[in-house]
>>> print(open('upload29.txt').read())   # compact mmCIF, C-alpha atoms
# COMPACT_ATOMS: atom_id res chain seq x y z
CA MET Z 29 7.11 18.53 -16.85
CA GLU Z 30 9.55 18.68 -13.93
CA PRO Z 31 9.37 15.74 -11.51
CA LYS Z 32 8.34 18.00 -8.63
CA LEU Z 33 5.35 19.32 -10.58
CA VAL Z 34 4.37 15.81 -11.71
CA ALA Z 35 4.52 14.54 -8.12
CA LYS Z 36 2.45 17.47 -6.82
CA ALA Z 37 -0.13 16.96 -9.58
CA ASN Z 38 -0.43 13.25 -8.75
CA LEU Z 39 -0.93 14.03 -5.06
CA HIS Z 40 -3.63 16.51 -5.98
CA ASN Z 41 -5.35 13.93 -8.19
CA LEU Z 42 -5.28 11.50 -5.27
CA SER Z 43 -6.88 14.11 -3.03
CA VAL Z 44 -9.84 14.62 -5.40
CA ASN Z 45 -10.35 10.90 -6.01
CA ALA Z 46 -13.23 9.75 -3.81
CA TYR Z 47 -12.15 6.12 -3.90
CA PRO Z 48 -8.64 5.08 -4.96
CA GLY Z 49 -9.15 2.07 -2.66
CA ARG Z 50 -6.05 0.59 -1.07
CA GLY Z 51 -2.76 2.21 -1.97
CA LEU Z 52 0.96 1.87 -1.40
CA ILE Z 53 3.99 4.06 -1.92
CA VAL Z 54 7.67 3.11 -1.86
CA GLY Z 55 10.38 5.73 -2.13
CA ARG Z 56 13.02 7.66 -0.26
CA ALA Z 57 12.23 10.32 2.31
CA GLU Z 58 13.98 13.66 2.36
CA THR Z 59 15.87 12.30 5.39
CA GLY Z 60 17.46 9.68 3.11
CA GLU Z 61 15.54 6.82 4.72
CA ILE Z 62 13.51 4.32 2.70
CA ALA Z 63 9.83 5.19 3.05
CA MET Z 64 6.86 2.83 2.69
CA VAL Z 65 3.27 4.05 2.90
CA TYR Z 66 0.16 1.89 2.89
CA TRP Z 67 -3.50 2.78 3.39
CA ILE Z 68 -6.87 1.09 3.37
CA MET Z 69 -10.25 2.57 2.53
CA GLY Z 70 -13.73 1.14 2.76
CA ARG Z 71 -17.31 1.60 1.67
CA SER Z 72 -18.94 -1.45 3.28
CA PRO Z 73 -19.31 -1.85 7.08
CA ASN Z 74 -16.99 -4.88 6.99
CA SER Z 75 -14.24 -2.95 5.19
CA ARG Z 76 -14.59 0.06 7.49
CA ASN Z 77 -14.54 -1.99 10.69
CA ARG Z 78 -10.75 -2.21 10.72
CA VAL Z 79 -7.65 -0.76 12.30
CA PHE Z 80 -3.93 -1.13 11.73
CA VAL Z 81 -1.88 -2.60 14.55
CA ALA Z 82 1.92 -2.69 14.67
CA GLN Z 83 4.29 -5.07 16.40
CA GLY Z 84 7.83 -4.04 15.71
CA GLY Z 85 8.07 -3.69 11.95
CA LYS Z 86 4.96 -5.79 11.27
CA VAL Z 87 1.74 -3.96 10.41
CA SER Z 88 -1.50 -5.93 10.25
CA THR Z 89 -5.21 -5.27 9.88
CA GLU Z 90 -7.61 -6.24 12.64
CA PHE Z 91 -11.31 -5.72 13.22
CA ALA Z 92 -11.88 -2.50 15.16
CA ASP Z 93 -14.91 -4.04 16.86
CA PRO Z 94 -14.52 -7.84 16.92
CA SER Z 95 -18.18 -8.27 17.87
CA LYS Z 96 -19.12 -6.83 14.47
CA GLY Z 97 -16.44 -8.72 12.58
CA GLY Z 98 -17.61 -10.29 9.35
CA ASP Z 99 -15.76 -12.43 6.83
CA PRO Z 100 -12.02 -11.95 7.43
CA ALA Z 101 -11.09 -13.11 3.92
CA LEU Z 102 -9.48 -10.31 1.91
CA VAL Z 103 -9.75 -7.77 4.76
CA ILE Z 104 -7.60 -9.22 7.59
CA TYR Z 105 -3.94 -9.76 6.69
CA ASN Z 106 -0.34 -8.70 7.26
CA ALA Z 107 0.21 -5.49 5.31
CA MET Z 108 3.91 -4.91 6.12
CA LEU Z 109 6.54 -7.50 7.03
CA GLU Z 110 10.32 -7.36 7.20
CA TYR Z 111 13.52 -9.35 7.58
CA PRO Z 112 15.76 -6.50 8.77
CA HIS Z 113 18.84 -8.72 9.15
CA ASP Z 114 18.52 -9.55 5.44
CA GLY Z 115 17.60 -5.99 4.50
CA PHE Z 116 14.28 -7.12 3.02
CA TYR Z 117 10.92 -5.34 3.42
CA ALA Z 118 7.50 -6.06 1.93
CA VAL Z 119 4.13 -4.32 1.75
CA SER Z 120 0.95 -5.43 0.01
CA ASN Z 121 -2.81 -5.22 0.08
CA GLY Z 122 -3.46 -8.83 1.03
CA ALA Z 123 -2.35 -12.31 1.99
CA GLN Z 124 0.44 -12.21 -0.58
CA THR Z 125 2.60 -10.26 1.90
CA ASP Z 126 3.39 -13.51 3.71
CA ALA Z 127 4.38 -15.22 0.47
CA ILE Z 128 6.54 -12.33 -0.70
CA ILE Z 129 8.53 -12.03 2.51
CA GLY Z 130 9.63 -15.64 2.21
CA ARG Z 131 10.25 -15.93 -1.53
CA GLY Z 132 10.39 -12.45 -3.08
CA SER Z 133 8.23 -10.77 -5.70
CA GLU Z 134 8.69 -13.59 -8.23
CA VAL Z 135 6.27 -15.69 -6.18
CA LEU Z 136 3.51 -13.43 -7.52
CA LEU Z 137 3.83 -15.18 -10.87
CA GLU Z 138 1.72 -17.83 -9.11
CA TRP Z 139 -0.89 -15.35 -7.78
CA GLU Z 140 -3.89 -13.61 -9.35
CA TYR Z 141 -6.17 -10.66 -8.61
CA GLU Z 142 -8.64 -10.96 -5.73
CA PRO Z 143 -11.74 -13.11 -6.35
CA ASP Z 144 -14.20 -10.41 -5.26
CA ALA Z 145 -16.57 -10.13 -8.23
CA PRO Z 146 -17.62 -7.80 -9.73
CA ASN Z 147 -14.60 -5.64 -8.74
CA PHE Z 148 -11.86 -8.27 -9.06
CA THR Z 149 -9.62 -6.00 -6.99
CA PRO Z 150 -6.00 -5.87 -8.19
CA ARG Z 151 -3.31 -7.15 -5.87
CA ILE Z 152 -0.69 -4.44 -5.34
CA SER Z 153 2.63 -5.23 -3.69
CA ALA Z 154 6.13 -3.88 -3.23
CA THR Z 155 9.46 -5.15 -1.96
CA VAL Z 156 12.65 -3.37 -0.98
CA SER Z 157 15.95 -5.23 -0.77
CA MET Z 158 18.95 -3.45 0.78
CA SER Z 159 21.19 -6.48 1.31
CA ILE Z 160 23.85 -5.78 -1.35
CA LYS Z 161 22.53 -2.98 -3.52
CA LEU Z 162 19.15 -1.32 -3.58
CA SER Z 163 16.45 -3.22 -5.46
CA VAL Z 164 12.81 -2.13 -5.42
CA VAL Z 165 9.97 -4.02 -7.11
CA LEU Z 166 6.36 -2.83 -7.37
CA THR Z 167 3.82 -5.36 -8.64
CA LEU Z 168 0.28 -5.04 -9.98
CA LEU Z 169 -1.85 -8.13 -10.61
CA ARG Z 170 -4.94 -7.09 -12.53
CA LYS Z 171 -7.80 -8.84 -14.32
CA SER Z 172 -7.55 -8.66 -18.08
CA PRO Z 173 -10.31 -6.64 -19.76
CA TRP Z 174 -10.60 -9.50 -22.28
CA GLY Z 175 -11.60 -12.24 -19.85
CA GLU Z 176 -10.56 -14.05 -16.70
CA ALA Z 177 -6.81 -13.95 -17.40
CA CYS Z 178 -4.51 -12.14 -14.99
CA GLU Z 179 -2.16 -9.38 -16.14
CA ARG Z 180 1.03 -9.28 -14.06
CA HIS Z 181 2.99 -6.03 -14.16
CA PHE Z 182 6.40 -5.73 -12.48
CA TYR Z 183 8.13 -2.36 -12.06
CA ARG Z 184 11.76 -2.42 -10.96
CA TYR Z 185 13.83 0.44 -9.57
CA SER Z 186 17.51 0.57 -8.58
CA HIS Z 187 17.45 4.24 -7.54
CA LEU Z 188 15.08 6.19 -5.31
CA GLU Z 189 15.36 9.97 -5.40
CA PRO Z 190 15.09 11.63 -1.94
CA GLY Z 191 11.71 13.28 -1.48
CA TYR Z 192 9.85 11.09 -3.98
CA GLY Z 193 7.96 7.81 -4.05
CA HIS Z 194 6.23 5.49 -6.52
CA CYS Z 195 2.53 4.84 -5.89
CA LEU Z 196 0.05 2.12 -6.85
CA THR Z 197 -3.64 2.11 -5.94
CA THR Z 198 -6.21 -0.61 -6.47
CA TYR Z 199 -8.80 1.55 -8.21
CA ALA Z 200 -8.88 4.50 -10.57
CA GLY Z 201 -11.94 6.00 -8.89
CA ASP Z 202 -15.40 5.41 -7.45
CA SER Z 203 -18.31 3.79 -9.25
CA ALA Z 204 -21.77 2.51 -8.41
CA LEU Z 205 -21.01 -0.51 -10.60
CA ALA Z 206 -17.73 -2.45 -10.76
CA LEU Z 207 -14.85 -0.31 -9.53
CA PRO Z 208 -12.39 0.60 -12.31
CA ALA Z 209 -8.96 -0.94 -11.76
CA PHE Z 210 -5.80 1.16 -11.62
CA ARG Z 211 -4.04 1.32 -14.98
CA GLY Z 212 -0.71 2.67 -16.11
CA GLU Z 213 2.70 2.90 -14.47
CA PRO Z 214 3.22 3.69 -10.78
CA LEU Z 215 2.61 7.36 -10.04
CA LEU Z 216 5.43 9.64 -8.94
CA VAL Z 217 4.40 11.32 -5.66
CA PRO Z 218 6.11 13.55 -3.06
CA LEU Z 219 7.55 12.31 0.23
CA GLU Z 220 8.22 15.57 2.02
CA GLY Z 221 9.32 16.02 5.61
CA ALA Z 222 9.72 13.64 8.54
CA ILE Z 223 7.68 10.49 9.13
CA ASP Z 224 4.80 12.27 10.90
CA GLU Z 225 4.58 14.85 8.13
CA VAL Z 226 4.38 12.15 5.47
CA ALA Z 227 1.68 10.34 7.44
CA SER Z 228 -0.33 13.52 7.89
CA ALA Z 229 0.01 14.57 4.23
CA TYR Z 230 -1.38 11.31 2.88
CA TRP Z 231 -4.07 10.92 5.53
CA GLU Z 232 -5.33 14.40 4.69
CA ALA Z 233 -5.20 13.59 0.97
CA LEU Z 234 -7.52 10.59 1.34
CA ASN Z 235 -11.27 11.05 1.09
CA GLU Z 236 -12.54 11.76 4.59
CA GLU Z 237 -15.65 9.61 4.23
CA ASN Z 238 -13.86 6.51 2.93
CA ARG Z 239 -10.42 6.53 4.58
CA VAL Z 240 -9.94 3.86 7.27
CA SER Z 241 -6.25 3.46 8.24
CA LEU Z 242 -2.79 4.52 7.13
CA ALA Z 243 0.70 3.26 7.99
CA VAL Z 244 4.09 4.81 7.26
CA LYS Z 245 7.39 2.98 7.74
CA PHE Z 246 10.82 4.63 7.54
CA VAL Z 247 13.87 2.36 7.26
CA GLY Z 248 17.35 3.66 8.08
CA ALA Z 249 20.67 2.72 6.49
CA ARG Z 250 21.26 0.00 9.09
CA GLY Z 251 17.88 -1.58 8.45
CA LYS Z 252 16.11 -0.40 11.60
CA SER Z 253 12.52 0.62 10.95
CA ARG Z 254 10.01 2.84 12.69
CA VAL Z 255 6.29 2.97 12.07
CA ARG Z 256 3.51 5.54 12.41
CA LEU Z 257 -0.17 4.57 12.29
CA ILE Z 258 -3.33 6.61 11.84
CA ASN Z 259 -6.65 4.85 12.46
CA ARG Z 260 -10.08 6.33 11.90
CA TYR Z 261 -11.56 4.01 14.50
CA GLU Z 262 -10.29 2.91 17.90
CA LYS Z 263 -9.66 -0.72 18.67
CA ILE Z 264 -12.34 -2.14 20.96
CA LEU Z 265 -10.81 -4.64 23.34
CA ALA Z 266 -12.80 -7.75 24.27
>>> encode(input="upload29.txt", output="structure tokens")
Amino acid sequence: MEPKLVAKANLHNLSVNAYPGRGLIVGRAETGEIAMVYWIMGRSPNSRNRVFVAQGGKVSTEFADPSKGGDPALVIYNAMLEYPHDGFYAVSNGAQTDAIIGRGSEVLLEWEYEPDAPNFTPRISATVSMSIKLSVVLTLLRKSPWGEACERHFYRYSHLEPGYGHCLTTYAGDSALALPAFRGEPLLVPLEGAIDEVASAYWEALNEENRVSLAVKFVGARGKSRVRLINRYEKILA
């Protein structure tokens, strides 16, 4: 099947998936810029009580209503960080973002999936290095179906085709029991239009009941980034 049809089919599958959980995409926009997309979803009040905030190229999660804030572990973290002078950019679904930005994806050989039984949520991460030549690494840390061991999957790319991205999600779908972990290689998905169009396309694709926040970062050839955020809830200031 042609890449365009594969990408469209994967976007459609995302749109009919009630709960893919957290997800990230790294690719190249039609403008030629590097594109990074990250979203969070939630079913519990604690997971839903969040917003994305941006400071420069840093994107973090915060409680939307601090007075209702619960346990910050696994829900409050830096989602996107960057060293633009080094041409290095990172995105992940947890605390590993801080480790990656300092040491690269290889540090994840020391990390495991999240300790949130019974789901044991996979840790998904991606890095982009533009310092000498393009190097992209997507990482999936997932609990083994045979026990407590951690499977560590690294996917490396040296070329990003304009208009396409590679996507990882934490879950394969919704479930009343333990959520099924994402399996298989990163999914090819479309990255069509300018930054606001990409943000809108993926926000609209996410389940309306469970979507919480979405961030899109575009990085130009000189390393300068710009960010767009969509939050379901407004930040309540103390």
>>> residues_around(input="upload29.txt", residues="Z:Leu166", least_positions_apart="3", cutoff="12 Å", atoms="only C-alpha atoms", output="MDAnalysis selection string")
chainID Z and resid 51:55 64 117:120 128 132:134 136 151:157 163 169 180:186 193:197 213:215
>>> residues_around(input="upload29.txt", residues="Z:Ala209", least_positions_apart="3", cutoff="8 Å", atoms="only C-alpha atoms", output="JSON, numbers by chain")
{"Z": [147, 149, 150, 170, 198, 199, 200]}
>>> residues_around(input="upload29.txt", residues="Z:Met158", least_positions_apart="2", cutoff="8 Å", atoms="all atoms listed in the file", output="ChimeraX atom specification")
/Z:114-116,156,160-163,251
>>> residues_around(input="upload29.txt", residues="Z:Glu236", least_positions_apart="6", cutoff="10 Å", atoms="all atoms listed in the file", output="PyMOL selection string")
chain Z and resi 43+46+69+260
>>> residues_around(input="upload29.txt", residues="stretch 253-257 of chain Z", least_positions_apart="6", cutoff="10 Å", atoms="all atoms listed in the file", output="ChimeraX atom specification")
/Z:61-67,79-87,110,112,117,223-224,226-228,241-247
>>> atom_distance(input="upload29.txt", atom1="atom CA of Z:Asn238", atom2="atom CA of Z:Glu179")
27.4 Å
>>> residues_near_point(input="upload29.txt", point="(-1.9, -9.0, 5.2)", cutoff="8 Å", atoms="only C-alpha atoms", output="list of chain:residue names")
Z:Ser88, Z:Thr89, Z:Val103, Z:Ile104, Z:Tyr105, Z:Asn106, Z:Ala107, Z:Met108, Z:Ser120, Z:Asn121, Z:Gly122, Z:Ala123, Z:Gln124, Z:Thr125, Z:Asp126
>>> atom_distance(input="upload29.txt", atom1="atom CA of Z:Phe148", atom2="atom CA of Z:Arg76")
18.7 Å
>>> atom_distance(input="upload29.txt", atom1="atom CA of Z:Leu39", atom2="atom CA of Z:Glu142")
26.2 Å
